[in-house]
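Colleague: For reference, the structure I am asking about is given below.
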Amino acid sequence: MTAATTSIADRAAGVRQRIARACERAGRDPGEVRLIAVSKTFGPEAVAEALAAGVTDFGENRVQEALPKIAAVAGVAAERGLPAPRWHMVGHLQSNKARAAAGAFAILHGIDSTRLLDVLERTAGDRIIPVLLEVNVAGEATKYGFAPDDVAAALAYARGLSRVRVEGLMTVAPPVRDPEEARPVFRQLAGLARECGLRELSMGMTGDFEVAIEEGATMVRIGRAIFGERA
């Protein structure tokens, strides 16, 4: 069957199987890898279907799209007796959206500047905001993120703040035909995380997540393989 004729539940189950096989190859426990279903452009009903299939974590790229969806999904979940989802901000975060994002998401993946760290610190109130530092491992001009050589300084800066907690690193690998071509990017990020004493590694998407898991990913961001092609 094609993605168009299979359900979200079936596709999510298939992704979990692929995660388990990748973990087996790497000698890892599948429980170490958090599946984040990236639901951008898909509505609350699609999220609810994934929730009913046991997916608990969801990623959104744009704050303005996510806020009404988060509210709608909360209502649907409560009505149907489904667990409340855990929301991840996985896209580029603009400074003027930082306050809203910090209040809506459990963790912010794409923190790419000390200026943004400062904004989060000022707007946190009495909350602790978990974040991941985005790293532009491949040095792509079109991508956001700290250069690898700047991560240690950014982490030191963040550790001087009281309301922001860095839990790990995140990257987006360049698009490649063969997932193996992305392996050096994931391997470099994993090494950098070890050097910095950070546990969480958000890396790997539909086209390359198995290689990312083999290199140590603890979070994989999967959209198309769960929800299907976007319109």
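As shown in the structure tokens, the chain order sets the letters A, B, ...; within each chain, residues go from 1, and ligands are also counted from 1 in the order they appear.
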Report as a list in words all protein, DNA and RNA residues lying within 12 Å of Arg199 (chain A), evaluated on only C-alpha atoms, omitting residues in the same chain fewer than 2 positions from it.
Modeller: Glu32, Val33, Leu132, Val166, Glu167, Gly168, Leu169, Met170, Leu189, Ala190, Gly191, Leu192, Ala193, Arg194, Glu195, Cys196, Gly197, Leu201, Ser202, Gly216, Ala217, Thr218 and Met219 of chain A
Colleague: For the selection just defined, write its residues with C-alpha atoms to a file, as a short mmCIF file (atom, residue, chain, number, x, y, z; two decimals), in the first residue's frame.
Modeller:
```cif
data_model
loop_
_atom_site.label_atom_id
_atom_site.label_comp_id
_atom_site.auth_asym_id
_atom_site.auth_seq_id
_atom_site.Cartn_x
_atom_site.Cartn_y
_atom_site.Cartn_z
CA GLU A 32 16.25 6.05 24.21
CA VAL A 33 14.76 7.58 21.04
CA LEU A 132 18.37 22.80 22.36
CA VAL A 166 20.21 23.78 27.57
CA GLU A 167 19.44 20.07 27.31
CA GLY A 168 21.22 19.23 24.08
CA LEU A 169 21.95 20.04 20.46
CA MET A 170 19.92 20.01 17.25
CA LEU A 189 27.05 16.66 16.26
CA ALA A 190 27.12 13.61 18.53
CA GLY A 191 30.81 14.15 19.21
CA LEU A 192 30.19 17.80 19.98
CA ALA A 193 27.41 16.90 22.41
CA ARG A 194 29.72 14.48 24.23
CA GLU A 195 32.42 17.13 24.49
CA CYS A 196 29.89 19.54 25.98
CA GLY A 197 28.37 17.00 28.37
CA LEU A 201 20.47 15.05 20.25
CA SER A 202 17.65 16.18 17.96
CA GLY A 216 23.18 8.64 18.64
CA ALA A 217 20.00 10.66 18.02
CA THR A 218 17.70 10.81 21.05
CA MET A 219 14.96 12.71 19.18
#
```
Colleague: Report as an NGL selection string all protein, DNA and RNA residues lying within 12 Å of region 66-69 of chain A, evaluated on only C-alpha atoms, omitting residues in the same chain fewer than 4 positions from it.
Modeller: :A and (38-48 or 58-62 or 73-77 or 85 or 87-91 or 97 or 100-105)
Colleague: Filtering to N, CA and C atoms, could you give me those residues as an mmCIF file, in the first residue's frame?
Modeller:
```cif
data_model
loop_
_atom_site.group_PDB
_atom_site.id
_atom_site.type_symbol
_atom_site.label_atom_id
_atom_site.label_comp_id
_atom_site.auth_asym_id
_atom_site.auth_seq_id
_atom_site.Cartn_x
_atom_site.Cartn_y
_atom_site.Cartn_z
ATOM 1 N N VAL A 38 6.110 15.553 13.241
ATOM 2 C CA VAL A 38 6.070 16.959 12.821
ATOM 3 C C VAL A 38 4.776 17.198 12.048
ATOM 4 N N SER A 39 3.886 17.968 12.671
ATOM 5 C CA SER A 39 2.509 18.098 12.182
ATOM 6 C C SER A 39 2.243 19.409 11.460
ATOM 7 N N LYS A 40 3.279 20.120 11.067
ATOM 8 C CA LYS A 40 3.066 21.391 10.381
ATOM 9 C C LYS A 40 2.214 21.178 9.123
ATOM 10 N N THR A 41 1.271 22.069 8.915
ATOM 11 C CA THR A 41 0.291 22.106 7.822
ATOM 12 C C THR A 41 -0.825 21.065 7.968
ATOM 13 N N PHE A 42 -0.722 20.149 8.943
ATOM 14 C CA PHE A 42 -1.790 19.186 9.169
ATOM 15 C C PHE A 42 -2.647 19.651 10.347
ATOM 16 N N GLY A 43 -3.934 19.395 10.267
ATOM 17 C CA GLY A 43 -4.872 19.918 11.244
ATOM 18 C C GLY A 43 -5.001 19.081 12.501
ATOM 19 N N PRO A 44 -5.846 19.556 13.434
ATOM 20 C CA PRO A 44 -6.032 18.867 14.707
ATOM 21 C C PRO A 44 -6.502 17.431 14.577
ATOM 22 N N GLU A 45 -7.320 17.118 13.556
ATOM 23 C CA GLU A 45 -7.802 15.744 13.410
ATOM 24 C C GLU A 45 -6.656 14.777 13.120
ATOM 25 N N ALA A 46 -5.694 15.218 12.291
ATOM 26 C CA ALA A 46 -4.533 14.363 12.004
ATOM 27 C C ALA A 46 -3.709 14.143 13.267
ATOM 28 N N VAL A 47 -3.531 15.200 14.051
ATOM 29 C CA VAL A 47 -2.789 15.067 15.313
ATOM 30 C C VAL A 47 -3.528 14.115 16.247
ATOM 31 N N ALA A 48 -4.852 14.257 16.331
ATOM 32 C CA ALA A 48 -5.634 13.385 17.206
ATOM 33 C C ALA A 48 -5.519 11.927 16.772
ATOM 34 N N PHE A 58 4.815 16.007 19.423
ATOM 35 C CA PHE A 58 4.532 16.621 18.130
ATOM 36 C C PHE A 58 5.376 17.873 17.947
ATOM 37 N N GLY A 59 5.806 18.100 16.709
ATOM 38 C CA GLY A 59 6.649 19.247 16.402
ATOM 39 C C GLY A 59 5.948 20.199 15.458
ATOM 40 N N GLU A 60 6.154 21.486 15.686
ATOM 41 C CA GLU A 60 5.627 22.521 14.807
ATOM 42 C C GLU A 60 6.759 23.477 14.443
ATOM 43 N N ASN A 61 6.674 24.060 13.245
ATOM 44 C CA ASN A 61 7.727 24.941 12.745
ATOM 45 C C ASN A 61 7.423 26.416 12.916
ATOM 46 N N ARG A 62 6.137 26.766 12.978
ATOM 47 C CA ARG A 62 5.763 28.177 13.032
ATOM 48 C C ARG A 62 4.825 28.432 14.205
ATOM 49 N N VAL A 73 -6.227 20.932 19.575
ATOM 50 C CA VAL A 73 -5.884 19.546 19.903
ATOM 51 C C VAL A 73 -6.160 19.258 21.372
ATOM 52 N N ALA A 74 -5.892 20.226 22.245
ATOM 53 C CA ALA A 74 -6.168 20.035 23.675
ATOM 54 C C ALA A 74 -7.652 19.741 23.890
ATOM 55 N N GLY A 75 -8.509 20.471 23.168
ATOM 56 C CA GLY A 75 -9.943 20.232 23.293
ATOM 57 C C GLY A 75 -10.352 18.868 22.772
ATOM 58 N N VAL A 76 -9.833 18.489 21.613
ATOM 59 C CA VAL A 76 -10.162 17.188 21.029
ATOM 60 C C VAL A 76 -9.671 16.056 21.927
ATOM 61 N N ALA A 77 -8.441 16.200 22.436
ATOM 62 C CA ALA A 77 -7.866 15.152 23.291
ATOM 63 C C ALA A 77 -8.704 14.968 24.555
ATOM 64 N N PRO A 85 -0.784 15.962 24.419
ATOM 65 C CA PRO A 85 0.483 15.840 23.686
ATOM 66 C C PRO A 85 1.568 16.720 24.285
ATOM 67 N N TRP A 87 4.455 19.217 23.068
ATOM 68 C CA TRP A 87 4.740 19.987 21.861
ATOM 69 C C TRP A 87 6.188 20.467 21.832
ATOM 70 N N HIS A 88 6.796 20.348 20.652
ATOM 71 C CA HIS A 88 8.172 20.776 20.420
ATOM 72 C C HIS A 88 8.178 21.864 19.348
ATOM 73 N N MET A 89 8.872 22.954 19.585
ATOM 74 C CA MET A 89 9.099 23.960 18.550
ATOM 75 C C MET A 89 10.358 23.549 17.813
ATOM 76 N N VAL A 90 10.214 23.118 16.559
ATOM 77 C CA VAL A 90 11.358 22.561 15.833
ATOM 78 C C VAL A 90 11.854 23.460 14.712
ATOM 79 N N GLY A 91 11.167 24.577 14.462
ATOM 80 C CA GLY A 91 11.586 25.486 13.404
ATOM 81 C C GLY A 91 12.356 26.674 13.937
ATOM 82 N N LYS A 97 8.537 36.175 18.695
ATOM 83 C CA LYS A 97 7.616 35.069 18.988
ATOM 84 C C LYS A 97 8.088 34.263 20.201
ATOM 85 N N ALA A 100 5.604 33.827 23.327
ATOM 86 C CA ALA A 100 4.485 32.933 23.019
ATOM 87 C C ALA A 100 4.959 31.483 22.914
ATOM 88 N N ALA A 101 6.112 31.277 22.278
ATOM 89 C CA ALA A 101 6.631 29.921 22.113
ATOM 90 C C ALA A 101 6.987 29.296 23.456
ATOM 91 N N ALA A 102 7.609 30.081 24.310
ATOM 92 C CA ALA A 102 8.020 29.551 25.615
ATOM 93 C C ALA A 102 6.821 29.114 26.440
ATOM 94 N N GLY A 103 5.674 29.772 26.240
ATOM 95 C CA GLY A 103 4.492 29.413 26.990
ATOM 96 C C GLY A 103 3.724 28.236 26.412
ATOM 97 N N ALA A 104 3.963 27.918 25.144
ATOM 98 C CA ALA A 104 3.161 26.894 24.467
ATOM 99 C C ALA A 104 3.875 25.563 24.281
ATOM 100 N N PHE A 105 5.211 25.589 24.212
ATOM 101 C CA PHE A 105 5.969 24.386 23.875
ATOM 102 C C PHE A 105 6.727 23.851 25.085
#
```
Colleague: Can you tell me how far CA of Arg34 (chain A) sits from CA of Ala212 (chain A), in Å to one decimal?
Modeller: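 Value for the CA of Arg34 (chain A)-CA of Ala212 (chain A) distance: 12.4 Å.
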Colleague: Going by DSSP on the backbone, which residues of chain A come out as strand (DSSP E)? List them as a VMD selection string.
Modeller: chain A and resid 34 to 38 57 to 60 86 to 89 107 to 111 129 to 134 164 to 170 200 to 202 219 to 222
Colleague: Quick one: residues within 7 Å of region 175-186 of chain A, only C-alpha atoms, excluding same-chain residues fewer than 6 positions away - as a list in words?
Modeller: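 Surrounding residues, per the criterion: Val137, Ala138, Met203, Gly207, Asp208, Val211, Ala212 and Glu215 of chain A.
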Colleague: Store the residues picked out above in a file with N, CA, C and O atoms, as a PDB file, in the first residue's frame.
Modeller:
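Everything below was put into again19.pdb:
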```
ATOM      1  N   VAL A 137      26.021  22.307  11.295  1.00  0.00           N
ATOM      2  CA  VAL A 137      27.210  21.465  11.182  1.00  0.00           C
ATOM      3  C   VAL A 137      27.841  21.564   9.800  1.00  0.00           C
ATOM      4  O   VAL A 137      29.062  21.649   9.654  1.00  0.00           O
ATOM      5  N   ALA A 138      27.003  21.558   8.777  1.00  0.00           N
ATOM      6  CA  ALA A 138      27.516  21.549   7.401  1.00  0.00           C
ATOM      7  C   ALA A 138      27.889  22.939   6.896  1.00  0.00           C
ATOM      8  O   ALA A 138      28.404  23.066   5.775  1.00  0.00           O
ATOM      9  N   MET A 203      18.148  15.086  15.860  1.00  0.00           N
ATOM     10  CA  MET A 203      18.700  15.014  14.508  1.00  0.00           C
ATOM     11  C   MET A 203      18.073  13.836  13.795  1.00  0.00           C
ATOM     12  O   MET A 203      17.792  12.797  14.389  1.00  0.00           O
ATOM     13  N   GLY A 207      13.909  11.320   5.722  1.00  0.00           N
ATOM     14  CA  GLY A 207      14.843  10.753   4.767  1.00  0.00           C
ATOM     15  C   GLY A 207      16.125  10.189   5.340  1.00  0.00           C
ATOM     16  O   GLY A 207      16.862   9.476   4.640  1.00  0.00           O
ATOM     17  N   ASP A 208      16.412  10.483   6.615  1.00  0.00           N
ATOM     18  CA  ASP A 208      17.725  10.083   7.136  1.00  0.00           C
ATOM     19  C   ASP A 208      17.718   9.678   8.613  1.00  0.00           C
ATOM     20  O   ASP A 208      18.771   9.534   9.225  1.00  0.00           O
ATOM     21  N   VAL A 211      19.917   6.594  10.029  1.00  0.00           N
ATOM     22  CA  VAL A 211      21.349   6.876  10.163  1.00  0.00           C
ATOM     23  C   VAL A 211      21.591   7.754  11.387  1.00  0.00           C
ATOM     24  O   VAL A 211      22.554   7.546  12.140  1.00  0.00           O
ATOM     25  N   ALA A 212      20.711   8.734  11.617  1.00  0.00           N
ATOM     26  CA  ALA A 212      20.855   9.599  12.794  1.00  0.00           C
ATOM     27  C   ALA A 212      20.782   8.792  14.081  1.00  0.00           C
ATOM     28  O   ALA A 212      21.554   9.028  15.023  1.00  0.00           O
ATOM     29  N   GLU A 215      23.863   7.004  14.862  1.00  0.00           N
ATOM     30  CA  GLU A 215      24.916   7.904  15.339  1.00  0.00           C
ATOM     31  C   GLU A 215      24.585   8.554  16.684  1.00  0.00           C
ATOM     32  O   GLU A 215      25.341   9.383  17.168  1.00  0.00           O
TER      33      GLU A 215
END
```
Colleague: Using only C-alpha atoms, determine which residues lie at most 10 Å from Ile129 (chain A), disregarding the query and same-chain residues fewer than 4 positions distant; provide the list as JSON, numbers by chain.
Modeller: {"A": [102, 103, 105, 106, 107, 108, 117, 120, 121, 123, 124, 125, 162, 163, 164, 165, 166, 167]}
Colleague: Include all heavy atoms and write out the residues we just selected as a short mmCIF file (atom, residue, chain, number, x, y, z; two decimals), in the first residue's frame.
Modeller:
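The resulting again-v8.cif:
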```cif
data_model
loop_
_atom_site.label_atom_id
_atom_site.label_comp_id
_atom_site.auth_asym_id
_atom_site.auth_seq_id
_atom_site.Cartn_x
_atom_site.Cartn_y
_atom_site.Cartn_z
N ALA A 102 7.61 30.08 24.31
CA ALA A 102 8.02 29.55 25.62
C ALA A 102 6.82 29.11 26.44
O ALA A 102 6.91 28.17 27.23
CB ALA A 102 8.82 30.60 26.36
N GLY A 103 5.67 29.77 26.24
CA GLY A 103 4.49 29.41 26.99
C GLY A 103 3.72 28.24 26.41
O GLY A 103 2.90 27.62 27.11
N PHE A 105 5.21 25.59 24.21
CA PHE A 105 5.97 24.39 23.88
C PHE A 105 6.73 23.85 25.08
O PHE A 105 7.22 24.62 25.92
CB PHE A 105 6.96 24.68 22.75
CG PHE A 105 6.32 24.99 21.43
CD1 PHE A 105 6.02 26.29 21.07
CD2 PHE A 105 5.99 23.97 20.55
CE1 PHE A 105 5.41 26.58 19.85
CE2 PHE A 105 5.39 24.24 19.33
CZ PHE A 105 5.09 25.55 18.98
N ALA A 106 6.87 22.53 25.14
CA ALA A 106 7.61 21.89 26.22
C ALA A 106 9.11 22.11 26.07
O ALA A 106 9.83 22.16 27.07
CB ALA A 106 7.30 20.40 26.26
N ILE A 107 9.57 22.23 24.82
CA ILE A 107 10.99 22.42 24.57
C ILE A 107 11.16 23.12 23.22
O ILE A 107 10.38 22.88 22.29
CB ILE A 107 11.75 21.07 24.61
CG1 ILE A 107 13.26 21.28 24.44
CG2 ILE A 107 11.21 20.08 23.57
CD1 ILE A 107 14.09 20.04 24.76
N LEU A 108 12.16 23.98 23.14
CA LEU A 108 12.44 24.76 21.93
C LEU A 108 13.72 24.21 21.32
O LEU A 108 14.79 24.28 21.93
CB LEU A 108 12.61 26.24 22.28
CG LEU A 108 11.48 26.87 23.11
CD1 LEU A 108 11.82 28.32 23.45
CD2 LEU A 108 10.14 26.78 22.38
N LEU A 117 18.64 33.64 23.37
CA LEU A 117 18.74 33.18 24.75
C LEU A 117 18.40 34.31 25.72
O LEU A 117 17.68 34.10 26.71
CB LEU A 117 20.15 32.65 25.03
CG LEU A 117 20.54 31.32 24.38
CD1 LEU A 117 22.02 31.09 24.51
CD2 LEU A 117 19.76 30.17 25.00
N LEU A 120 14.61 34.92 25.77
CA LEU A 120 13.94 33.90 26.54
C LEU A 120 14.14 34.10 28.04
O LEU A 120 13.20 33.93 28.83
CB LEU A 120 14.44 32.51 26.12
CG LEU A 120 14.03 32.05 24.73
CD1 LEU A 120 14.78 30.80 24.34
CD2 LEU A 120 12.52 31.82 24.64
N GLU A 121 15.32 34.48 28.42
CA GLU A 121 15.62 34.73 29.84
C GLU A 121 14.73 35.86 30.37
O GLU A 121 14.17 35.76 31.48
CB GLU A 121 17.10 35.09 30.00
CG GLU A 121 17.53 35.45 31.40
CD GLU A 121 17.72 34.25 32.31
OE1 GLU A 121 17.60 33.11 31.83
OE2 GLU A 121 17.99 34.46 33.51
N THR A 123 11.84 36.88 29.24
CA THR A 123 10.40 36.63 29.16
C THR A 123 9.96 35.38 29.91
O THR A 123 8.77 35.05 29.91
CB THR A 123 9.96 36.50 27.68
OG1 THR A 123 10.65 35.40 27.07
CG2 THR A 123 10.28 37.77 26.91
N ALA A 124 10.87 34.69 30.56
CA ALA A 124 10.56 33.41 31.18
C ALA A 124 9.66 33.54 32.41
O ALA A 124 8.94 32.60 32.75
CB ALA A 124 11.85 32.68 31.56
N GLY A 125 9.72 34.68 33.08
CA GLY A 125 8.99 34.79 34.34
C GLY A 125 9.58 33.84 35.36
O GLY A 125 10.80 33.81 35.56
N SER A 162 19.65 32.09 34.31
CA SER A 162 18.97 31.37 35.38
C SER A 162 17.66 30.71 34.94
O SER A 162 17.19 29.78 35.61
CB SER A 162 18.68 32.31 36.56
OG SER A 162 17.85 33.38 36.14
N ARG A 163 17.07 31.16 33.82
CA ARG A 163 15.75 30.66 33.43
C ARG A 163 15.77 29.81 32.17
O ARG A 163 14.73 29.31 31.74
CB ARG A 163 14.76 31.83 33.23
CG ARG A 163 14.74 32.87 34.32
CD ARG A 163 14.63 32.30 35.71
NE ARG A 163 13.42 31.51 35.92
CZ ARG A 163 13.18 30.82 37.03
NH1 ARG A 163 14.08 30.79 38.00
NH2 ARG A 163 12.06 30.16 37.15
N VAL A 164 16.92 29.64 31.55
CA VAL A 164 17.05 28.85 30.32
C VAL A 164 17.95 27.65 30.61
O VAL A 164 19.05 27.80 31.16
CB VAL A 164 17.64 29.69 29.17
CG1 VAL A 164 17.81 28.83 27.92
CG2 VAL A 164 16.76 30.89 28.87
N ARG A 165 17.48 26.46 30.24
CA ARG A 165 18.27 25.25 30.49
C ARG A 165 18.56 24.55 29.17
O ARG A 165 17.64 24.07 28.50
CB ARG A 165 17.50 24.31 31.42
CG ARG A 165 18.29 23.04 31.78
CD ARG A 165 17.54 22.16 32.76
NE ARG A 165 16.36 21.55 32.15
CZ ARG A 165 15.13 21.65 32.62
NH1 ARG A 165 14.90 22.35 33.72
NH2 ARG A 165 14.12 21.04 32.02
N VAL A 166 19.83 24.48 28.80
CA VAL A 166 20.21 23.78 27.57
C VAL A 166 20.28 22.28 27.85
O VAL A 166 21.05 21.84 28.71
CB VAL A 166 21.57 24.29 27.05
CG1 VAL A 166 21.98 23.49 25.81
CG2 VAL A 166 21.49 25.77 26.70
N GLU A 167 19.49 21.51 27.10
CA GLU A 167 19.44 20.07 27.31
C GLU A 167 20.19 19.29 26.24
O GLU A 167 20.43 18.10 26.41
CB GLU A 167 17.98 19.61 27.37
CG GLU A 167 17.23 20.23 28.54
CD GLU A 167 15.91 19.55 28.81
OE1 GLU A 167 15.39 18.85 27.91
OE2 GLU A 167 15.39 19.73 29.93
#
```
Colleague: If you count only C-alpha atoms, which residues fall within 9 Å of Cys23 (chain A), apart from same-chain ones fewer than 2 positions away, as a PyMOL selection string?
Modeller: chain A and resi 18-21+25-30+32-33+210+213-214
Colleague: Compare A:Ala53, A:Ala9, A:Val151, A:Ala37 by their minimum atom-to-atom distance to Arg221 (chain A), counting only C-alpha atoms, and give me the closest one.
Modeller: A:Ala37
Colleague: So that I can see what lies close to Pro83 (chain A), please list as a VMD selection string the residues with an atom at most 9 Å from it, counting only C-alpha atoms and leaving out residues fewer than 2 positions away in the same chain.
Modeller: chain A and resid 51 to 52 54 56 77 to 78 81 85
Colleague: List as a PyMOL selection string the protein and nucleic acid residues near Tyr144 (chain A), meaning an atom at most 10 Å away when only C-alpha atoms are counted, but skip any in the same chain fewer than 3 places from it.
Modeller: chain A and resi 91-92+110-113+134-136+139-141+147+171-172
Colleague: With N, CA, C and O atoms retained, export the selected residues as a PDB file, in the first residue's frame.
Modeller:
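Output (result.pdb):
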```pdb
ATOM      1  N   GLY A  91      11.167  24.577  14.462  1.00  0.00           N
ATOM      2  CA  GLY A  91      11.586  25.486  13.404  1.00  0.00           C
ATOM      3  C   GLY A  91      12.356  26.674  13.937  1.00  0.00           C
ATOM      4  O   GLY A  91      12.602  26.797  15.141  1.00  0.00           O
ATOM      5  N   HIS A  92      12.717  27.557  13.033  1.00  0.00           N
ATOM      6  CA  HIS A  92      13.424  28.778  13.415  1.00  0.00           C
ATOM      7  C   HIS A  92      12.502  29.650  14.258  1.00  0.00           C
ATOM      8  O   HIS A  92      11.355  29.900  13.894  1.00  0.00           O
ATOM      9  N   GLY A 110      15.272  25.010  18.186  1.00  0.00           N
ATOM     10  CA  GLY A 110      16.099  25.755  17.234  1.00  0.00           C
ATOM     11  C   GLY A 110      16.703  27.033  17.767  1.00  0.00           C
ATOM     12  O   GLY A 110      16.630  28.071  17.105  1.00  0.00           O
ATOM     13  N   ILE A 111      17.318  26.992  18.925  1.00  0.00           N
ATOM     14  CA  ILE A 111      17.903  28.208  19.501  1.00  0.00           C
ATOM     15  C   ILE A 111      19.253  28.444  18.835  1.00  0.00           C
ATOM     16  O   ILE A 111      20.190  27.645  18.972  1.00  0.00           O
ATOM     17  N   ASP A 112      19.353  29.575  18.119  1.00  0.00           N
ATOM     18  CA  ASP A 112      20.510  29.763  17.240  1.00  0.00           C
ATOM     19  C   ASP A 112      21.303  31.030  17.495  1.00  0.00           C
ATOM     20  O   ASP A 112      22.149  31.400  16.683  1.00  0.00           O
ATOM     21  N   SER A 113      21.065  31.711  18.632  1.00  0.00           N
ATOM     22  CA  SER A 113      21.831  32.918  18.927  1.00  0.00           C
ATOM     23  C   SER A 113      21.776  33.222  20.421  1.00  0.00           C
ATOM     24  O   SER A 113      20.807  32.850  21.106  1.00  0.00           O
ATOM     25  N   GLU A 134      20.774  24.969  18.234  1.00  0.00           N
ATOM     26  CA  GLU A 134      20.859  24.512  16.850  1.00  0.00           C
ATOM     27  C   GLU A 134      22.269  24.739  16.319  1.00  0.00           C
ATOM     28  O   GLU A 134      22.835  25.828  16.483  1.00  0.00           O
ATOM     29  N   VAL A 135      22.817  23.727  15.668  1.00  0.00           N
ATOM     30  CA  VAL A 135      24.180  23.790  15.138  1.00  0.00           C
ATOM     31  C   VAL A 135      24.138  23.581  13.630  1.00  0.00           C
ATOM     32  O   VAL A 135      23.569  22.597  13.141  1.00  0.00           O
ATOM     33  N   ASN A 136      24.738  24.490  12.905  1.00  0.00           N
ATOM     34  CA  ASN A 136      24.821  24.387  11.447  1.00  0.00           C
ATOM     35  C   ASN A 136      26.100  23.621  11.124  1.00  0.00           C
ATOM     36  O   ASN A 136      27.114  24.192  10.726  1.00  0.00           O
ATOM     37  N   GLY A 139      27.640  23.978   7.687  1.00  0.00           N
ATOM     38  CA  GLY A 139      28.004  25.329   7.278  1.00  0.00           C
ATOM     39  C   GLY A 139      27.218  25.842   6.082  1.00  0.00           C
ATOM     40  O   GLY A 139      27.733  26.629   5.293  1.00  0.00           O
ATOM     41  N   GLU A 140      25.959  25.434   5.974  1.00  0.00           N
ATOM     42  CA  GLU A 140      25.133  25.867   4.843  1.00  0.00           C
ATOM     43  C   GLU A 140      24.681  27.315   5.022  1.00  0.00           C
ATOM     44  O   GLU A 140      24.177  27.692   6.085  1.00  0.00           O
ATOM     45  N   ALA A 141      24.824  28.094   3.977  1.00  0.00           N
ATOM     46  CA  ALA A 141      24.461  29.512   4.051  1.00  0.00           C
ATOM     47  C   ALA A 141      22.966  29.710   4.256  1.00  0.00           C
ATOM     48  O   ALA A 141      22.545  30.742   4.799  1.00  0.00           O
ATOM     49  N   ALA A 147      27.854  27.960  14.495  1.00  0.00           N
ATOM     50  CA  ALA A 147      28.943  27.186  13.919  1.00  0.00           C
ATOM     51  C   ALA A 147      29.449  26.216  14.980  1.00  0.00           C
ATOM     52  O   ALA A 147      29.425  26.525  16.178  1.00  0.00           O
ATOM     53  N   THR A 171      20.331  19.641  14.888  1.00  0.00           N
ATOM     54  CA  THR A 171      20.809  20.038  13.562  1.00  0.00           C
ATOM     55  C   THR A 171      19.860  19.543  12.490  1.00  0.00           C
ATOM     56  O   THR A 171      19.058  18.626  12.716  1.00  0.00           O
ATOM     57  N   VAL A 172      19.961  20.176  11.333  1.00  0.00           N
ATOM     58  CA  VAL A 172      19.257  19.740  10.117  1.00  0.00           C
ATOM     59  C   VAL A 172      20.348  19.407   9.099  1.00  0.00           C
ATOM     60  O   VAL A 172      21.124  20.284   8.710  1.00  0.00           O
TER      61      VAL A 172
END
```
Colleague: What is the CA of Ala153 (chain A) to CA of Leu116 (chain A) distance in Å?
Modeller: 14.6 Å
